[in-house]
Amino acid sequence: LLIDERKGRQVASALGVRFMGTLRLLVLARQKGLIPSLEAALERIQRVGFWLAPKLAQEIIEKYGD
């Protein structure tokens with residue numbers, strides 16, 4: 001299950017459903033070479049309305065590279 005909402009994650013966890021969030025999916029996609037740039041992907045999802053704290057975006061880019 002791909003989900004980012006806290007309540008949905010809680011329900012999925014209670015039901016034993018494996019899940020991951022959008023950011024983890026993007027990191028994995030970059031690590032596997034499926035997307036050319038993690039930073040560009042983060043910028044794109046923000047442009048279409050995905051809320052992401054600037055500090056968190058920077059931490060992700062610094063930790064997982066681009």
# chains A, B, ... in the order shown; residues from 1 in each chain; ligands from 1

call {"tool": "residues_around", "arguments": {"residues": "range 48-65 of chain A", "least_positions_apart": "5", "cutoff": "9 Å", "atoms": "only C-alpha atoms", "output": "PyMOL selection string"}}
result
chain A and resi 23+27+30-31+37-39+42-43

call {"tool": "write_last_selection", "arguments": {"atoms": "all heavy atoms", "output": "PDB file, in the first residue's frame"}}
result
ATOM      1  N   LEU A  23       7.743   9.458  -0.222  1.00  0.00           N
ATOM      2  CA  LEU A  23       9.165   9.811  -0.161  1.00  0.00           C
ATOM      3  C   LEU A  23      10.045   8.569  -0.209  1.00  0.00           C
ATOM      4  O   LEU A  23      11.056   8.546  -0.919  1.00  0.00           O
ATOM      5  CB  LEU A  23       9.457  10.648   1.083  1.00  0.00           C
ATOM      6  CG  LEU A  23       8.695  11.970   1.158  1.00  0.00           C
ATOM      7  CD1 LEU A  23       9.047  12.702   2.445  1.00  0.00           C
ATOM      8  CD2 LEU A  23       8.969  12.833  -0.053  1.00  0.00           C
ATOM      9  N   VAL A  27      12.861   7.631  -3.066  1.00  0.00           N
ATOM     10  CA  VAL A  27      14.249   7.284  -2.724  1.00  0.00           C
ATOM     11  C   VAL A  27      14.616   5.938  -3.349  1.00  0.00           C
ATOM     12  O   VAL A  27      15.672   5.794  -3.968  1.00  0.00           O
ATOM     13  CB  VAL A  27      14.460   7.264  -1.185  1.00  0.00           C
ATOM     14  CG1 VAL A  27      15.778   6.599  -0.821  1.00  0.00           C
ATOM     15  CG2 VAL A  27      14.401   8.688  -0.630  1.00  0.00           C
ATOM     16  N   ARG A  30      15.077   6.257  -7.098  1.00  0.00           N
ATOM     17  CA  ARG A  30      16.361   6.887  -7.449  1.00  0.00           C
ATOM     18  C   ARG A  30      17.504   5.901  -7.258  1.00  0.00           C
ATOM     19  O   ARG A  30      18.413   5.811  -8.087  1.00  0.00           O
ATOM     20  CB  ARG A  30      16.589   8.147  -6.610  1.00  0.00           C
ATOM     21  CG  ARG A  30      17.904   8.830  -6.889  1.00  0.00           C
ATOM     22  CD  ARG A  30      17.926   9.336  -8.341  1.00  0.00           C
ATOM     23  NE  ARG A  30      19.249   9.778  -8.687  1.00  0.00           N
ATOM     24  CZ  ARG A  30      19.994   9.243  -9.665  1.00  0.00           C
ATOM     25  NH1 ARG A  30      19.521   8.259 -10.400  1.00  0.00           N
ATOM     26  NH2 ARG A  30      21.196   9.694  -9.905  1.00  0.00           N
ATOM     27  N   GLN A  31      17.494   5.162  -6.163  1.00  0.00           N
ATOM     28  CA  GLN A  31      18.560   4.191  -5.894  1.00  0.00           C
ATOM     29  C   GLN A  31      18.621   3.113  -6.958  1.00  0.00           C
ATOM     30  O   GLN A  31      19.690   2.607  -7.276  1.00  0.00           O
ATOM     31  CB  GLN A  31      18.361   3.558  -4.512  1.00  0.00           C
ATOM     32  CG  GLN A  31      18.633   4.514  -3.375  1.00  0.00           C
ATOM     33  CD  GLN A  31      18.264   3.960  -2.009  1.00  0.00           C
ATOM     34  OE1 GLN A  31      17.448   3.044  -1.875  1.00  0.00           O
ATOM     35  NE2 GLN A  31      18.867   4.526  -0.976  1.00  0.00           N
ATOM     36  N   SER A  37      16.645  12.059 -11.093  1.00  0.00           N
ATOM     37  CA  SER A  37      16.988  13.037 -10.065  1.00  0.00           C
ATOM     38  C   SER A  37      15.969  13.022  -8.937  1.00  0.00           C
ATOM     39  O   SER A  37      14.774  13.266  -9.163  1.00  0.00           O
ATOM     40  CB  SER A  37      17.044  14.444 -10.674  1.00  0.00           C
ATOM     41  OG  SER A  37      17.117  15.431  -9.668  1.00  0.00           O
ATOM     42  N   LEU A  38      16.430  12.755  -7.740  1.00  0.00           N
ATOM     43  CA  LEU A  38      15.561  12.791  -6.569  1.00  0.00           C
ATOM     44  C   LEU A  38      15.098  14.222  -6.299  1.00  0.00           C
ATOM     45  O   LEU A  38      13.925  14.469  -6.028  1.00  0.00           O
ATOM     46  CB  LEU A  38      16.296  12.219  -5.356  1.00  0.00           C
ATOM     47  CG  LEU A  38      15.525  12.123  -4.059  1.00  0.00           C
ATOM     48  CD1 LEU A  38      14.251  11.309  -4.228  1.00  0.00           C
ATOM     49  CD2 LEU A  38      16.398  11.512  -2.977  1.00  0.00           C
ATOM     50  N   GLU A  39      15.999  15.162  -6.402  1.00  0.00           N
ATOM     51  CA  GLU A  39      15.651  16.563  -6.158  1.00  0.00           C
ATOM     52  C   GLU A  39      14.568  17.036  -7.139  1.00  0.00           C
ATOM     53  O   GLU A  39      13.590  17.668  -6.736  1.00  0.00           O
ATOM     54  CB  GLU A  39      16.881  17.455  -6.273  1.00  0.00           C
ATOM     55  CG  GLU A  39      16.611  18.899  -5.930  1.00  0.00           C
ATOM     56  CD  GLU A  39      17.873  19.734  -5.853  1.00  0.00           C
ATOM     57  OE1 GLU A  39      18.960  19.256  -6.200  1.00  0.00           O
ATOM     58  OE2 GLU A  39      17.754  20.901  -5.423  1.00  0.00           O
ATOM     59  N   LEU A  42      11.220  15.514  -6.189  1.00  0.00           N
ATOM     60  CA  LEU A  42      10.634  16.177  -5.021  1.00  0.00           C
ATOM     61  C   LEU A  42      10.031  17.525  -5.417  1.00  0.00           C
ATOM     62  O   LEU A  42       8.942  17.891  -4.962  1.00  0.00           O
ATOM     63  CB  LEU A  42      11.684  16.361  -3.925  1.00  0.00           C
ATOM     64  CG  LEU A  42      12.200  15.079  -3.276  1.00  0.00           C
ATOM     65  CD1 LEU A  42      13.317  15.394  -2.294  1.00  0.00           C
ATOM     66  CD2 LEU A  42      11.081  14.309  -2.604  1.00  0.00           C
ATOM     67  N   GLU A  43      10.712  18.251  -6.278  1.00  0.00           N
ATOM     68  CA  GLU A  43      10.186  19.536  -6.746  1.00  0.00           C
ATOM     69  C   GLU A  43       8.888  19.345  -7.527  1.00  0.00           C
ATOM     70  O   GLU A  43       7.929  20.097  -7.359  1.00  0.00           O
ATOM     71  CB  GLU A  43      11.226  20.251  -7.613  1.00  0.00           C
ATOM     72  CG  GLU A  43      12.404  20.772  -6.828  1.00  0.00           C
ATOM     73  CD  GLU A  43      13.511  21.322  -7.707  1.00  0.00           C
ATOM     74  OE1 GLU A  43      13.361  21.358  -8.957  1.00  0.00           O
ATOM     75  OE2 GLU A  43      14.546  21.718  -7.148  1.00  0.00           O
TER      76      GLU A  43
END

call {"tool": "select_by_dssp", "arguments": {"residues": "chain A", "states": "alpha helix (DSSP H)", "output": "NGL selection string"}}
result
:A and (6-15 or 22-31 or 38-47 or 54-64)

call {"tool": "residues_around", "arguments": {"residues": "Asp4 in chain A", "least_positions_apart": "6", "cutoff": "10 Å", "atoms": "only C-alpha atoms", "output": "number ranges by chain"}}
result
A: 19-23

call {"tool": "residues_around", "arguments": {"residues": "Ile3 in chain A", "least_positions_apart": "3", "cutoff": "12 Å", "atoms": "only C-alpha atoms", "output": "PyMOL selection string"}}
result
chain A and resi 6-13+17-25

call {"tool": "atom_distance", "arguments": {"atom1": "CA of Lys32 in chain A", "atom2": "CA of Asp66 in chain A"}}
result
12.1 Å

call {"tool": "decode", "arguments": {"residues": "range 43-66 of chain A", "atoms": "N, CA, C and O atoms", "output": "mmCIF file, in the first residue's frame"}}
result
data_model
loop_
_atom_site.group_PDB
_atom_site.id
_atom_site.type_symbol
_atom_site.label_atom_id
_atom_site.label_comp_id
_atom_site.auth_asym_id
_atom_site.auth_seq_id
_atom_site.Cartn_x
_atom_site.Cartn_y
_atom_site.Cartn_z
ATOM 1 N N GLU A 43 10.712 18.251 -6.278
ATOM 2 C CA GLU A 43 10.186 19.536 -6.746
ATOM 3 C C GLU A 43 8.888 19.345 -7.527
ATOM 4 O O GLU A 43 7.929 20.097 -7.359
ATOM 5 N N ARG A 44 8.848 18.311 -8.368
ATOM 6 C CA ARG A 44 7.648 18.058 -9.174
ATOM 7 C C ARG A 44 6.436 17.713 -8.304
ATOM 8 O O ARG A 44 5.339 18.220 -8.544
ATOM 9 N N ILE A 45 6.630 16.849 -7.313
ATOM 10 C CA ILE A 45 5.467 16.479 -6.504
ATOM 11 C C ILE A 45 4.968 17.659 -5.671
ATOM 12 O O ILE A 45 3.777 17.770 -5.411
ATOM 13 N N GLN A 46 5.874 18.550 -5.298
ATOM 14 C CA GLN A 46 5.448 19.736 -4.567
ATOM 15 C C GLN A 46 4.649 20.677 -5.468
ATOM 16 O O GLN A 46 3.679 21.289 -5.026
ATOM 17 N N ARG A 47 5.048 20.766 -6.730
ATOM 18 C CA ARG A 47 4.329 21.637 -7.673
ATOM 19 C C ARG A 47 2.886 21.184 -7.899
ATOM 20 O O ARG A 47 2.033 22.000 -8.212
ATOM 21 N N VAL A 48 2.630 19.898 -7.741
ATOM 22 C CA VAL A 48 1.265 19.407 -7.962
ATOM 23 C C VAL A 48 0.471 19.270 -6.666
ATOM 24 O O VAL A 48 -0.605 18.685 -6.649
ATOM 25 N N GLY A 49 1.023 19.798 -5.565
ATOM 26 C CA GLY A 49 0.252 19.875 -4.331
ATOM 27 C C GLY A 49 0.678 18.979 -3.185
ATOM 28 O O GLY A 49 0.056 18.996 -2.134
ATOM 29 N N PHE A 50 1.741 18.188 -3.357
ATOM 30 C CA PHE A 50 2.232 17.361 -2.255
ATOM 31 C C PHE A 50 2.969 18.261 -1.285
ATOM 32 O O PHE A 50 3.938 18.909 -1.659
ATOM 33 N N TRP A 51 2.508 18.328 -0.040
ATOM 34 C CA TRP A 51 3.166 19.193 0.929
ATOM 35 C C TRP A 51 4.396 18.489 1.488
ATOM 36 O O TRP A 51 4.340 17.330 1.902
ATOM 37 N N LEU A 52 5.516 19.214 1.490
ATOM 38 C CA LEU A 52 6.771 18.684 2.002
ATOM 39 C C LEU A 52 7.545 19.824 2.633
ATOM 40 O O LEU A 52 7.797 20.843 1.988
ATOM 41 N N ALA A 53 7.883 19.670 3.909
ATOM 42 C CA ALA A 53 8.645 20.702 4.606
ATOM 43 C C ALA A 53 9.993 20.883 3.908
ATOM 44 O O ALA A 53 10.670 19.893 3.610
ATOM 45 N N PRO A 54 10.385 22.119 3.639
ATOM 46 C CA PRO A 54 11.664 22.367 2.964
ATOM 47 C C PRO A 54 12.847 21.703 3.682
ATOM 48 O O PRO A 54 13.749 21.168 3.030
ATOM 49 N N LYS A 55 12.833 21.716 5.004
ATOM 50 C CA LYS A 55 13.921 21.102 5.759
ATOM 51 C C LYS A 55 13.988 19.593 5.511
ATOM 52 O O LYS A 55 15.060 19.025 5.334
ATOM 53 N N LEU A 56 12.830 18.943 5.461
ATOM 54 C CA LEU A 56 12.797 17.507 5.203
ATOM 55 C C LEU A 56 13.288 17.201 3.789
ATOM 56 O O LEU A 56 14.058 16.260 3.583
ATOM 57 N N ALA A 57 12.861 17.999 2.825
ATOM 58 C CA ALA A 57 13.320 17.801 1.441
ATOM 59 C C ALA A 57 14.836 17.892 1.383
ATOM 60 O O ALA A 57 15.500 17.047 0.764
ATOM 61 N N GLN A 58 15.405 18.890 2.031
ATOM 62 C CA GLN A 58 16.856 19.067 2.029
ATOM 63 C C GLN A 58 17.556 17.886 2.716
ATOM 64 O O GLN A 58 18.585 17.408 2.239
ATOM 65 N N GLU A 59 17.009 17.433 3.818
ATOM 66 C CA GLU A 59 17.601 16.278 4.532
ATOM 67 C C GLU A 59 17.606 15.021 3.656
ATOM 68 O O GLU A 59 18.582 14.271 3.634
ATOM 69 N N ILE A 60 16.522 14.812 2.934
ATOM 70 C CA ILE A 60 16.430 13.647 2.048
ATOM 71 C C ILE A 60 17.478 13.731 0.937
ATOM 72 O O ILE A 60 18.169 12.757 0.645
ATOM 73 N N ILE A 61 17.584 14.901 0.334
ATOM 74 C CA ILE A 61 18.563 15.079 -0.747
ATOM 75 C C ILE A 61 19.986 14.887 -0.217
ATOM 76 O O ILE A 61 20.808 14.227 -0.853
ATOM 77 N N GLU A 62 20.274 15.443 0.951
ATOM 78 C CA GLU A 62 21.611 15.300 1.531
ATOM 79 C C GLU A 62 21.911 13.840 1.892
ATOM 80 O O GLU A 62 23.019 13.362 1.674
ATOM 81 N N LYS A 63 20.934 13.135 2.416
ATOM 82 C CA LYS A 63 21.155 11.758 2.857
ATOM 83 C C LYS A 63 21.246 10.769 1.690
ATOM 84 O O LYS A 63 22.082 9.866 1.697
ATOM 85 N N TYR A 64 20.375 10.960 0.699
ATOM 86 C CA TYR A 64 20.297 9.983 -0.384
ATOM 87 C C TYR A 64 20.886 10.467 -1.699
ATOM 88 O O TYR A 64 20.879 9.733 -2.686
ATOM 89 N N GLY A 65 21.388 11.697 -1.707
ATOM 90 C CA GLY A 65 22.063 12.200 -2.900
ATOM 91 C C GLY A 65 21.128 12.420 -4.055
ATOM 92 O O GLY A 65 19.935 12.210 -3.973
ATOM 93 N N ASP A 66 21.726 12.875 -5.139
ATOM 94 C CA ASP A 66 20.913 13.130 -6.321
ATOM 95 C C ASP A 66 21.558 12.614 -7.550
ATOM 96 O O ASP A 66 22.576 12.417 -7.879
#
